[in-house]
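Participant: query-v2.tsv is reproduced in full below (TSV, C-alpha atoms).
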chain	number	residue	atom	x	y	z
A	12	MET	CA	139.56	34.03	78.14
A	13	GLY	CA	138.04	32.48	81.22
A	14	ARG	CA	139.16	32.74	84.78
A	15	PRO	CA	142.51	31.14	85.56
A	16	LEU	CA	142.36	27.74	87.19
A	17	LYS	CA	142.47	27.81	90.96
A	18	SER	CA	145.83	26.77	92.27
A	19	VAL	CA	145.89	23.53	94.20
A	20	ARG	CA	146.29	24.11	97.90
A	21	HIS	CA	148.83	22.15	99.86
A	22	PRO	CA	147.42	20.36	102.92
A	23	GLN	CA	149.27	22.71	105.28
A	24	GLY	CA	147.96	25.82	103.55
A	25	ALA	CA	144.43	24.44	103.38
A	26	HIS	CA	144.60	23.70	107.11
A	27	ILE	CA	145.68	27.28	107.93
A	28	ALA	CA	142.86	28.61	105.71
A	29	ALA	CA	140.29	26.36	107.41
A	30	LEU	CA	141.35	27.61	110.86
A	31	ARG	CA	140.95	31.23	109.72
A	32	LYS	CA	137.57	30.58	108.13
A	33	ALA	CA	136.37	28.74	111.23
A	34	LYS	CA	136.89	32.00	113.12
A	35	GLY	CA	134.91	33.90	110.46
A	36	LEU	CA	137.87	36.07	109.46
A	37	THR	CA	138.86	37.28	106.03
A	38	GLN	CA	142.49	37.17	104.97
A	39	ALA	CA	142.63	40.95	105.33
A	40	GLU	CA	141.22	40.85	108.87
A	41	ALA	CA	143.64	38.12	109.94
A	42	ALA	CA	146.55	40.01	108.38
A	43	GLN	CA	145.65	43.21	110.22
A	44	ILE	CA	145.37	41.42	113.58
A	45	LEU	CA	148.61	39.49	113.03
A	46	GLY	CA	150.46	42.58	111.78
A	47	VAL	CA	151.47	41.07	108.44
A	48	PRO	CA	150.61	41.90	104.82
A	49	GLN	CA	147.52	40.17	103.42
A	50	ALA	CA	149.77	38.70	100.73
A	51	ASN	CA	151.55	36.69	103.44
A	52	ILE	CA	148.26	35.15	104.57
A	53	ALA	CA	147.46	34.24	100.96
A	54	LEU	CA	150.91	32.69	100.49
A	55	TRP	CA	150.68	30.63	103.69
A	56	GLU	CA	147.22	29.37	102.68
A	57	LYS	CA	148.15	28.42	99.10
A	58	SER	CA	151.51	26.80	99.73
A	59	ASP	CA	153.38	24.63	102.17
A	60	LYS	CA	155.45	27.64	103.26
A	61	PRO	CA	154.88	28.05	107.00
A	62	PRO	CA	154.34	31.39	108.72
A	63	ARG	CA	157.38	33.02	110.31
A	64	ALA	CA	158.28	31.77	113.78
A	65	ASP	CA	157.35	35.10	115.38
A	66	VAL	CA	153.85	34.95	113.84
A	67	LEU	CA	153.01	31.37	114.88
A	68	PRO	CA	152.12	32.09	118.55
A	69	LYS	CA	149.93	35.05	117.53
A	70	MET	CA	148.23	32.93	114.88
A	71	ALA	CA	147.55	30.11	117.33
A	72	THR	CA	146.00	32.58	119.78
A	73	LEU	CA	143.93	34.26	117.05
A	74	TYR	CA	142.59	30.94	115.78
A	75	GLY	CA	142.05	29.58	119.29
A	76	VAL	CA	144.29	26.54	118.94
A	77	LYS	CA	147.48	25.24	120.52
A	78	LEU	CA	150.64	26.00	118.60
A	79	ASP	CA	151.08	22.41	117.43
A	80	ALA	CA	147.52	22.37	116.05
A	81	LEU	CA	148.63	24.82	113.35
A	82	PHE	CA	150.49	21.98	111.65
A	83	VAL	CA	148.74	19.18	109.79
A	84	ASP	CA	151.43	16.54	110.17
A	85	LYS	CA	150.66	16.21	113.88
A	86	PRO	CA	147.62	13.93	114.34
A	87	SER	CA	144.70	15.67	115.95
A	88	ARG	CA	142.75	14.06	118.77
A	89	ARG	CA	139.57	15.47	117.29
A	90	LYS	CA	137.64	13.63	114.65
A	91	GLN	CA	137.56	15.49	111.37
A	92	PRO	CA	134.19	16.22	109.73
A	93	VAL	CA	133.11	14.00	106.87
A	94	GLY	CA	133.36	15.45	103.37
A	95	LYS	CA	129.73	16.55	103.20
A	96	ALA	CA	129.94	18.27	106.60
A	97	GLN	CA	133.12	20.06	105.50
A	98	ALA	CA	131.43	21.20	102.28
A	99	LEU	CA	128.42	22.48	104.22
A	100	PHE	CA	130.71	24.34	106.61
A	101	GLU	CA	132.45	25.99	103.66
A	102	GLN	CA	129.05	27.10	102.31
A	103	LEU	CA	128.14	28.42	105.76
A	104	THR	CA	131.23	30.65	105.82
A	105	LYS	CA	129.93	32.43	102.70
A	106	LEU	CA	126.79	33.64	104.50
A	107	PRO	CA	126.61	36.94	106.39
A	108	ARG	CA	127.51	36.49	110.06
A	109	SER	CA	123.94	37.07	111.26
A	110	GLN	CA	122.72	34.22	109.06
A	111	GLN	CA	125.66	32.04	110.14
A	112	HIS	CA	124.57	32.48	113.77
A	113	LYS	CA	120.98	31.48	112.93
A	114	VAL	CA	122.11	28.34	111.10
A	115	LEU	CA	124.44	27.43	113.96
A	116	GLU	CA	121.62	27.85	116.51
A	117	VAL	CA	119.47	25.39	114.55
A	118	LEU	CA	122.38	22.97	114.21
A	119	GLU	CA	123.14	23.15	117.94
A	120	ALA	CA	119.49	22.42	118.76
A	121	LEU	CA	119.40	19.43	116.40
A	122	LEU	CA	122.67	18.05	117.72
A	123	GLY	CA	121.41	18.45	121.27
A	124	GLN	CA	118.31	16.41	120.42
A	125	TYR	CA	120.36	13.62	118.81
A	126	LEU	CA	122.87	13.50	121.64
A	127	ARG	CA	120.12	13.33	124.27
A	128	ALA	CA	118.31	10.60	122.33
A	129	GLY	CA	121.62	8.73	122.28
Could you render the structure as structure tokens?
Facilitator:
Amino acid sequence: MGRPLKSVRHPQGAHIAALRKAKGLTQAEAAQILGVPQANIALWEKSDKPPRADVLPKMATLYGVKLDALFVDKPSRRKQPVGKAQALFEQLTKLPRSQQHKVLEVLEALLGQYLRAG
């Protein structure tokens, strides 16, 4: 038998997972910092079940966002990355942190050049 099919993530869970990954944290690391079992992090990221009310402020602080930014149904003022950029970001999160920093340095330099060229 092959591997079981990946479960489909709900938009809310995928959003919570993206915030965690953007900070370069594993589920286990986030769970330890938030003081919850890793299974809770996995549940929140795979379903539309929200974190407990007492965890939400800690999670917002950990992920560096305002409390309302934890929820996807509130429109964000930020533009979201295009699909290809999102896919590249997901690949970036799989690299060791030292390599992530190098890639980000190159990206920052390129973006700086494009923004200055206007």
Participant: I'd like the contact shell of Gln102 of chain A - 12 Å cut-off, only C-alpha atoms, skipping same-chain residues fewer than 4 positions apart - returned as a PDB file with C-alpha atoms, keeping the file's coordinate frame.
Facilitator:
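The file below, selection_29.pdb, is the result:
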ATOM      1  CA  LYS A  32     137.570  30.580 108.130  1.00  0.00           C
ATOM      2  CA  ALA A  33     136.370  28.740 111.230  1.00  0.00           C
ATOM      3  CA  LYS A  95     129.730  16.550 103.200  1.00  0.00           C
ATOM      4  CA  ALA A  96     129.940  18.270 106.600  1.00  0.00           C
ATOM      5  CA  GLN A  97     133.120  20.060 105.500  1.00  0.00           C
ATOM      6  CA  ALA A  98     131.430  21.200 102.280  1.00  0.00           C
ATOM      7  CA  LEU A 106     126.790  33.640 104.500  1.00  0.00           C
ATOM      8  CA  PRO A 107     126.610  36.940 106.390  1.00  0.00           C
ATOM      9  CA  GLN A 110     122.720  34.220 109.060  1.00  0.00           C
ATOM     10  CA  GLN A 111     125.660  32.040 110.140  1.00  0.00           C
ATOM     11  CA  VAL A 114     122.110  28.340 111.100  1.00  0.00           C
TER      12      VAL A 114
END
Participant: For atom CA of Leu54 of chain A and atom CA of Leu99 of chain A, determine how far apart the two atoms are, in Å to one decimal place.
Facilitator: 25.0 Å
Participant: Grab the atom CA of Ile52 of chain A to atom CA of Ala25 of chain A distance for me, in Å with one decimal place.
Facilitator: 11.4 Å
Participant: Considering only C-alpha atoms, state which residue in the set A:Leu103, A:Ala71, A:Leu121, A:Leu115 is at the smallest distance from Leu30 of chain A.
Facilitator: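 So, comparing all the options, the nearest one is A:Ala71.
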Participant: Find the residues with any atom within 12 Å of (151.3, 32.9, 117.6); use only C-alpha atoms and the coordinates as given in the file, and write the answer as an MDAnalysis selection string.
Facilitator: chainID A and resid 44:46 62:81
Participant: Record the distance separating atom CA of Ala128 of chain A and atom CA of Glu101 of chain A, expressed in Å with one decimal.
Facilitator: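 Straight-line distance from atom CA of Ala128 of chain A to atom CA of Glu101 of chain A works out to 28.0 Å.
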Participant: Pick from A:Glu119, A:Val83, A:Tyr125, A:Lys105: nearest to Thr37 of chain A, with only C-alpha atoms counted?
Facilitator: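 Of A:Glu119, A:Val83, A:Tyr125, A:Lys105, the one nearest Thr37 of chain A is A:Lys105, counting only C-alpha atoms.
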Participant: Nearest residue to Ala53 of chain A out of A:Gly35, A:Glu40, A:Val117, A:Gly24, using all atoms listed in the file?
Facilitator: A:Gly24
Participant: Which one of A:Leu126, A:Ala120, A:Leu36, A:Ala29 sits closest to Glu56 of chain A if you count all atoms listed in the file?
Facilitator: A:Ala29
